[in-house]
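See below for query_1.cif, which holds mmCIF, C-alpha atoms and all ligand atoms.
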```cif
data_final
#
loop_
_atom_site.label_atom_id
_atom_site.label_comp_id
_atom_site.auth_asym_id
_atom_site.auth_seq_id
_atom_site.Cartn_x
_atom_site.Cartn_y
_atom_site.Cartn_z
CA MET A 23 1.22 -4.51 15.75
CA SER A 24 -0.75 -7.68 15.44
CA ALA A 25 -3.89 -8.48 13.54
CA VAL A 26 -7.39 -8.46 14.98
CA PRO A 27 -9.27 -11.79 15.13
CA ILE A 28 -12.53 -11.35 13.25
CA ALA A 29 -14.06 -14.79 12.73
CA GLU A 30 -13.80 -18.52 13.14
CA THR A 31 -14.07 -20.64 10.03
CA LEU A 32 -14.23 -24.34 9.32
CA HIS A 33 -11.30 -25.52 7.21
CA GLY A 34 -10.75 -29.22 6.56
CA GLY A 35 -12.84 -30.20 9.59
CA GLU A 36 -11.03 -27.83 11.93
CA PHE A 37 -12.06 -24.42 13.28
CA LEU A 38 -9.47 -21.76 12.47
CA THR A 39 -9.35 -18.14 13.53
CA VAL A 40 -9.45 -15.58 10.73
CA TYR A 41 -7.56 -12.36 11.40
CA LYS A 42 -7.75 -8.95 9.78
CA PRO A 43 -4.16 -8.27 8.70
CA ASP A 44 -2.65 -4.83 9.09
CA VAL A 45 -2.58 -3.09 5.73
CA LEU A 46 -0.28 -0.11 5.21
CA ILE A 47 -0.58 1.85 1.99
CA PHE A 48 2.22 4.17 0.84
CA PRO A 49 2.16 6.59 -2.08
CA THR A 50 5.37 5.31 -3.70
CA PRO A 51 7.36 2.08 -4.12
CA GLU A 52 10.33 3.78 -2.42
CA GLU A 53 8.28 4.25 0.74
CA VAL A 54 7.29 0.58 0.68
CA GLY A 55 10.99 -0.31 0.51
CA ARG A 56 11.86 2.12 3.30
CA TYR A 57 9.18 0.83 5.65
CA ALA A 58 10.11 -2.79 4.93
CA ALA A 59 13.80 -2.06 5.50
CA GLN A 60 13.03 -0.36 8.83
CA THR A 61 10.98 -3.38 9.88
CA VAL A 62 13.83 -5.78 9.08
CA GLN A 63 16.34 -3.52 10.82
CA GLU A 64 14.22 -3.28 13.97
CA GLN A 65 13.99 -7.06 14.02
CA ILE A 66 17.73 -7.60 13.81
CA VAL A 67 18.53 -4.89 16.34
CA THR A 68 16.01 -6.34 18.78
CA LYS A 69 17.11 -9.94 18.20
CA PRO A 70 20.52 -10.18 16.52
CA ASP A 71 20.22 -13.97 16.09
CA SER A 72 16.92 -13.69 14.21
CA ILE A 73 16.04 -16.17 11.50
CA PHE A 74 14.61 -14.48 8.41
CA THR A 75 12.84 -15.88 5.40
CA PHE A 76 13.49 -13.60 2.45
CA PRO A 77 12.06 -13.30 -1.06
CA THR A 78 13.71 -12.53 -4.39
CA GLY A 79 12.47 -10.79 -7.54
CA SER A 80 11.96 -7.10 -8.20
CA THR A 81 9.79 -6.05 -5.25
CA PRO A 82 12.35 -6.29 -2.39
CA ILE A 83 15.27 -4.66 -4.21
CA GLU A 84 14.85 -1.24 -2.57
CA MET A 85 14.41 -2.89 0.85
CA TYR A 86 17.70 -4.76 0.40
CA ARG A 87 19.48 -1.62 -0.83
CA LEU A 88 18.50 0.23 2.34
CA VAL A 89 19.27 -2.72 4.60
CA VAL A 90 22.78 -2.89 3.09
CA GLU A 91 23.15 0.88 3.48
CA ALA A 92 22.27 0.61 7.19
CA GLY A 93 25.40 -1.52 7.73
CA LEU A 94 23.98 -3.60 10.57
CA ASP A 95 25.58 -6.64 12.17
CA TRP A 96 24.36 -9.86 10.50
CA SER A 97 26.98 -12.11 12.08
CA ARG A 98 24.45 -13.98 14.24
CA ALA A 99 21.43 -13.82 11.89
CA ARG A 100 20.20 -16.61 9.62
CA ILE A 101 18.46 -16.30 6.27
CA LYS A 102 16.36 -19.10 4.84
CA ASN A 103 15.19 -18.11 1.37
CA LEU A 104 11.66 -18.79 0.23
CA ASP A 105 12.25 -20.62 -3.01
CA GLN A 106 14.41 -21.36 -6.02
CA TYR A 107 13.70 -22.35 -9.60
CA TYR A 108 14.05 -26.01 -10.48
CA ARG A 109 16.05 -26.82 -12.47
CA ILE A 110 18.48 -23.96 -12.52
CA ASP A 111 22.21 -23.79 -11.97
CA PRO A 112 22.78 -21.73 -8.79
CA LEU A 113 25.38 -19.76 -10.80
CA HIS A 114 22.94 -18.90 -13.63
CA GLN A 115 22.47 -15.11 -13.90
CA ALA A 116 18.73 -15.44 -13.13
CA SER A 117 19.00 -17.96 -10.28
CA TYR A 118 17.69 -16.77 -6.94
CA ALA A 119 21.04 -17.58 -5.37
CA VAL A 120 22.69 -15.00 -7.63
CA ASP A 121 19.78 -12.58 -7.07
CA MET A 122 20.31 -12.77 -3.30
CA GLN A 123 24.08 -12.43 -3.58
CA LYS A 124 23.96 -9.34 -5.73
CA ASN A 125 21.24 -7.61 -3.71
CA LEU A 126 22.14 -8.56 -0.14
CA ILE A 127 24.42 -11.43 0.76
CA ASP A 128 27.63 -10.05 -0.81
CA PHE A 129 27.25 -6.81 1.18
CA ILE A 130 26.49 -8.00 4.71
CA ASN A 131 28.62 -9.88 7.22
CA ILE A 132 26.44 -13.00 7.39
CA PRO A 133 28.52 -16.19 7.74
CA PRO A 134 28.10 -18.37 4.62
CA GLU A 135 26.70 -21.25 6.65
CA ASN A 136 23.92 -18.97 7.97
CA TRP A 137 22.33 -18.46 4.54
CA ALA A 138 20.31 -21.18 2.82
CA ILE A 139 18.47 -21.44 -0.48
CA PRO A 140 17.15 -24.59 -2.19
CA ASN A 141 19.59 -26.26 -4.56
CA GLY A 142 18.19 -25.77 -8.06
CA ILE A 143 20.27 -28.60 -9.49
CA ALA A 144 19.73 -31.20 -6.77
CA PRO A 145 19.31 -34.59 -8.47
CA ASP A 146 15.99 -35.31 -6.73
CA PRO A 147 13.73 -32.30 -6.05
CA ASP A 148 11.63 -34.19 -3.50
CA GLU A 149 14.71 -35.11 -1.48
CA GLU A 150 15.99 -31.56 -1.73
CA ALA A 151 12.61 -30.20 -0.58
CA ALA A 152 12.58 -32.55 2.43
CA ARG A 153 16.14 -31.51 3.31
CA TYR A 154 15.31 -27.82 2.92
CA GLU A 155 12.22 -28.06 5.10
CA GLU A 156 14.52 -28.90 8.02
CA VAL A 157 17.15 -26.22 7.39
CA PHE A 158 17.73 -24.17 10.59
CA ALA A 159 14.82 -26.00 12.29
CA GLU A 160 17.08 -26.75 15.27
CA TYR A 161 17.32 -22.99 15.95
CA GLY A 162 13.55 -22.56 16.35
CA PRO A 163 10.90 -20.92 14.18
CA VAL A 164 11.60 -18.22 11.63
CA ASP A 165 11.28 -14.86 13.39
CA MET A 166 10.28 -12.83 10.37
CA ALA A 167 9.22 -13.86 6.88
CA VAL A 168 9.22 -11.23 4.15
CA LEU A 169 7.05 -12.15 1.17
CA GLY A 170 6.08 -10.84 -2.24
CA ILE A 171 2.97 -11.87 -4.12
CA GLY A 172 2.69 -13.40 -7.58
CA PRO A 173 1.45 -11.61 -10.68
CA GLY A 174 -2.09 -11.51 -12.05
CA THR A 175 -4.48 -13.91 -10.40
CA THR A 176 -1.79 -16.31 -9.15
CA CYS A 177 -1.81 -14.95 -5.58
CA HIS A 178 1.26 -17.07 -4.97
CA ILE A 179 3.53 -16.66 -1.94
CA GLY A 180 6.89 -18.28 -2.38
CA PHE A 181 6.05 -20.32 -5.46
CA ASN A 182 2.89 -21.76 -3.92
CA GLU A 183 0.77 -21.51 -7.03
CA ARG A 184 -3.02 -21.92 -7.15
CA GLY A 185 -4.11 -25.26 -5.75
CA SER A 186 -1.60 -25.11 -2.88
CA GLN A 187 -3.09 -26.37 0.34
CA LEU A 188 -2.95 -24.85 3.81
CA GLY A 189 -1.00 -27.83 5.14
CA SER A 190 1.60 -27.86 2.34
CA ARG A 191 5.29 -28.13 3.23
CA THR A 192 8.42 -27.43 1.20
CA ARG A 193 8.07 -29.23 -2.15
CA TYR A 194 8.50 -29.19 -5.89
CA MET A 195 5.90 -26.91 -7.50
CA PRO A 196 5.31 -26.40 -11.25
CA LEU A 197 5.06 -22.72 -12.13
CA ASP A 198 1.80 -21.08 -13.23
CA PRO A 199 1.87 -19.82 -16.86
CA GLN A 200 1.33 -16.26 -15.52
CA THR A 201 4.42 -16.63 -13.33
CA ARG A 202 6.48 -17.97 -16.22
CA ALA A 203 5.34 -15.10 -18.44
CA ALA A 204 6.14 -12.47 -15.77
CA ASN A 205 9.56 -13.88 -14.83
CA ALA A 206 10.85 -14.67 -18.33
CA LYS A 207 12.13 -11.06 -18.41
CA PHE A 208 14.81 -11.96 -15.86
CA PHE A 209 16.38 -14.44 -18.31
CA ASP A 210 18.73 -13.28 -21.06
CA ASP A 211 17.14 -16.01 -23.15
CA PRO A 212 13.46 -16.28 -22.07
CA ARG A 213 13.45 -19.89 -23.30
CA ASP A 214 15.69 -20.71 -20.31
CA MET A 215 12.83 -19.90 -17.92
CA PRO A 216 12.39 -23.04 -15.77
CA GLU A 217 9.07 -24.85 -15.56
CA GLY A 218 9.21 -25.52 -11.85
CA SER A 219 10.51 -24.56 -8.45
CA ILE A 220 11.25 -25.77 -4.96
CA THR A 221 9.29 -23.62 -2.53
CA GLN A 222 8.60 -23.44 1.17
CA GLY A 223 5.00 -24.59 1.64
CA ILE A 224 2.10 -22.60 3.00
CA ALA A 225 2.29 -24.32 6.39
CA THR A 226 6.06 -23.79 6.42
CA ILE A 227 5.67 -20.06 5.78
CA LEU A 228 2.88 -19.67 8.35
CA GLU A 229 5.20 -20.97 11.09
CA ALA A 230 7.05 -17.64 11.03
CA GLN A 231 6.40 -15.51 14.10
CA ARG A 232 5.82 -12.42 12.03
CA ILE A 233 5.10 -11.98 8.32
CA ILE A 234 5.28 -8.91 6.11
CA LEU A 235 4.11 -8.98 2.50
CA LEU A 236 5.25 -6.32 0.05
CA ALA A 237 3.43 -5.49 -3.17
CA ILE A 238 4.23 -2.76 -5.67
CA GLY A 239 2.42 -1.81 -8.86
CA ASP A 240 -1.01 -2.10 -10.40
CA HIS A 241 -0.21 -5.56 -11.81
CA LYS A 242 -0.50 -6.74 -8.19
CA ALA A 243 -3.84 -5.01 -7.49
CA GLN A 244 -6.09 -7.87 -8.53
CA GLY A 245 -4.13 -10.38 -6.45
CA ILE A 246 -4.13 -8.11 -3.40
CA LEU A 247 -7.90 -7.63 -3.68
CA ARG A 248 -8.48 -11.37 -4.01
CA THR A 249 -6.09 -12.11 -1.13
CA LEU A 250 -7.59 -9.64 1.33
CA GLU A 251 -11.25 -9.56 0.38
CA GLY A 252 -11.97 -12.88 -1.37
CA SER A 253 -12.65 -16.22 0.24
CA ILE A 254 -9.75 -18.00 1.91
CA GLY A 255 -8.59 -21.06 0.01
CA PRO A 256 -6.21 -22.69 -2.46
CA ASP A 257 -7.53 -20.60 -5.39
CA ALA A 258 -5.61 -17.71 -3.81
CA PRO A 259 -2.78 -19.18 -1.72
CA ALA A 260 -1.84 -15.78 -0.24
CA SER A 261 -5.32 -15.65 1.33
CA PHE A 262 -4.13 -18.29 3.83
CA LEU A 263 -2.13 -15.48 5.46
CA ARG A 264 -5.43 -14.39 7.03
CA TYR A 265 -5.09 -17.39 9.35
CA HIS A 266 -1.90 -15.90 10.80
CA PRO A 267 -2.14 -13.51 13.77
CA ASN A 268 0.78 -11.27 12.85
CA VAL A 269 0.80 -10.26 9.18
CA THR A 270 1.33 -6.80 7.73
CA PHE A 271 0.67 -5.99 4.08
CA ILE A 272 2.90 -3.13 2.90
CA LEU A 273 1.52 -1.81 -0.37
CA ASP A 274 2.02 1.07 -2.70
CA ALA A 275 -1.10 2.94 -3.85
CA PRO A 276 -1.38 1.15 -7.24
CA ALA A 277 -1.17 -2.30 -5.60
CA ALA A 278 -3.91 -1.23 -3.15
CA SER A 279 -6.04 0.47 -5.78
CA GLN A 280 -8.73 -2.21 -6.06
CA LEU A 281 -9.32 -2.65 -2.31
CA THR A 282 -12.82 -1.69 -1.32
CA ILE A 283 -13.03 -2.37 2.40
CA SER A 284 -11.98 0.48 4.67
CA ARG A 285 -8.58 -0.26 6.20
CA ASN A 286 -8.87 2.12 9.16
P1 LIG A 301 8.24 -9.74 -8.13
O1 LIG A 301 7.86 -11.26 -7.82
O2 LIG A 301 8.73 -9.16 -6.86
O3 LIG A 301 9.34 -9.85 -9.16
O4 LIG A 301 7.01 -9.07 -8.62
C1 LIG A 301 7.08 -11.56 -6.71
C2 LIG A 301 6.59 -12.97 -6.78
O5 LIG A 301 6.46 -13.54 -7.90
O6 LIG A 301 6.29 -13.55 -5.72
#
```
Same coordinates, now as structure tokens:
Amino acid sequence: MSAVPIAETLHGGEFLTVYKPDVLIFPTPEEVGRYAAQTVQEQIVTKPDSIFTFPTGSTPIEMYRLVVEAGLDWSRARIKNLDQYYRIDPLHQASYAVDMQKNLIDFINIPPENWAIPNGIAPDPDEEAARYEEVFAEYGPVDMAVLGIGPGTTCHIGFNERGSQLGSRTRYMPLDPQTRAANAKFFDDPRDMPEGSITQGIATILEAQRIILLAIGDHKAQGILRTLEGSIGPDAPASFLRYHPNVTFILDAPAASQLTISRN
């Protein structure tokens, strides 16, 4: 599947094509996870040396569970994670390195050098962001990026909070108060919740050949509406996905509940 071009728009002095992304709506979160897992599995079967960008957090947990269960060969694949808190010790229970290990990495045969995530305790976040931007670049573009979307009105992808520009690359990004409030639950002591992150930029993410975005729950409904039906711009960073020709939104019914435009 690929999205249908629907318009040309002027952005920063340049004409860009706007696409209508595919939107799939499933009754339950489990079905979102199953469809996403199948999509990842098809990718790795078709191209065993695929480069993936993967998210963390609660949304992809079922997808990872099913991917692990499928027992596929990850020996030639590469995974470049989307983001990491800054500052956070990679061994902290809520770090995204630990999140990835306990949901996926520890259960698949990916070589350690084929998995990358920003270093949350790098001395200089700008230097770490510049280094991370180049990770796996010599192997070509990311084949498939799997994304979540931020809570409330953040519409973040990765940790590209509101104000993120279309041309942004991997960088340090302070977290939106809504993000900090939503993610504090992952910390045994909510006061440990970091104030910032290192995230792939919007332009970095859009270089992926194919993108799927997963959203589960009615706390994502407002962001999904704004992303798919609002104007495209930095007030809703996920809306920039509409400039990409191959994006699929995989939603459960509550996350899709505020959409008004027919998706058929
Ligand atoms: P969640 O986070 O999957 O935990 O809802 C998604 C995000 O903040 O991008």
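Straight-line separation from CA of Leu273 in chain A to CA of Val45 in chain A: 7.5 Å.
With only C-alpha atoms and all ligand atoms as the atoms that count, the minimum distance from ligand LIG 301 (chain A) to the choices A:Pro43, A:Pro112, A:Pro70, A:Gly55 is reached by A:Gly55.
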Q. If you count all atoms listed in the file, which residues fall within 12 Å of Leu113 in chain A, apart from same-chain ones fewer than 6 positions away, as a PyMOL selection string?
A. chain A and resi 119-124+141-143
Q: Return the single residue from A:Tyr41, A:Leu188, A:Asp210, A:Gln200 that is closest to Glu251 in chain A, with distances computed using only C-alpha atoms.
A: A:Tyr41
Q: Enter the distance from CA of Trp96 in chain A to CA of Val168 in chain A, in Å, rounded to one decimal.
A: 16.5 Å
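For ligand LIG 301 (chain A), the neighbouring protein, DNA and RNA residues, which are those within 6 Å when all atoms listed in the file are counted, are Gly79, Ser80, Thr81, Gly170, Ile171, Gly172, Ile179 and Gly180 of chain A.
Between Asp257 in chain A and the residues A:Cys177, A:Ala152, A:Ile238, A:Ala25, the shortest atom-to-atom distance, using only C-alpha atoms, involves A:Cys177.
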Q: List the neighbours of Thr50 in chain A out to 10 Å using only C-alpha atoms; skip same-chain residues closer than 3 positions along the sequence, and give me the result as a VMD selection string.
A: chain A and resid 47 53 to 55 238 to 239 273 to 276
Q: Name all residues at most 9 Å from Gln65 in chain A (count all atoms listed in the file; drop same-chain ones fewer than 6 positions away) and give them as a PyMOL selection string.
A: chain A and resi 72+165-166
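Using only C-alpha atoms, the smallest distance between any of A:Val157, A:Pro140, A:Asp148, A:Ser97 and Asp111 in chain A comes from A:Pro140.
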Q) Nearest to Tyr107 in chain A among A:Thr31, A:Thr221, A:Thr249, A:Gln280, with distances taken over only C-alpha atoms: which residue is it? A) A:Thr221
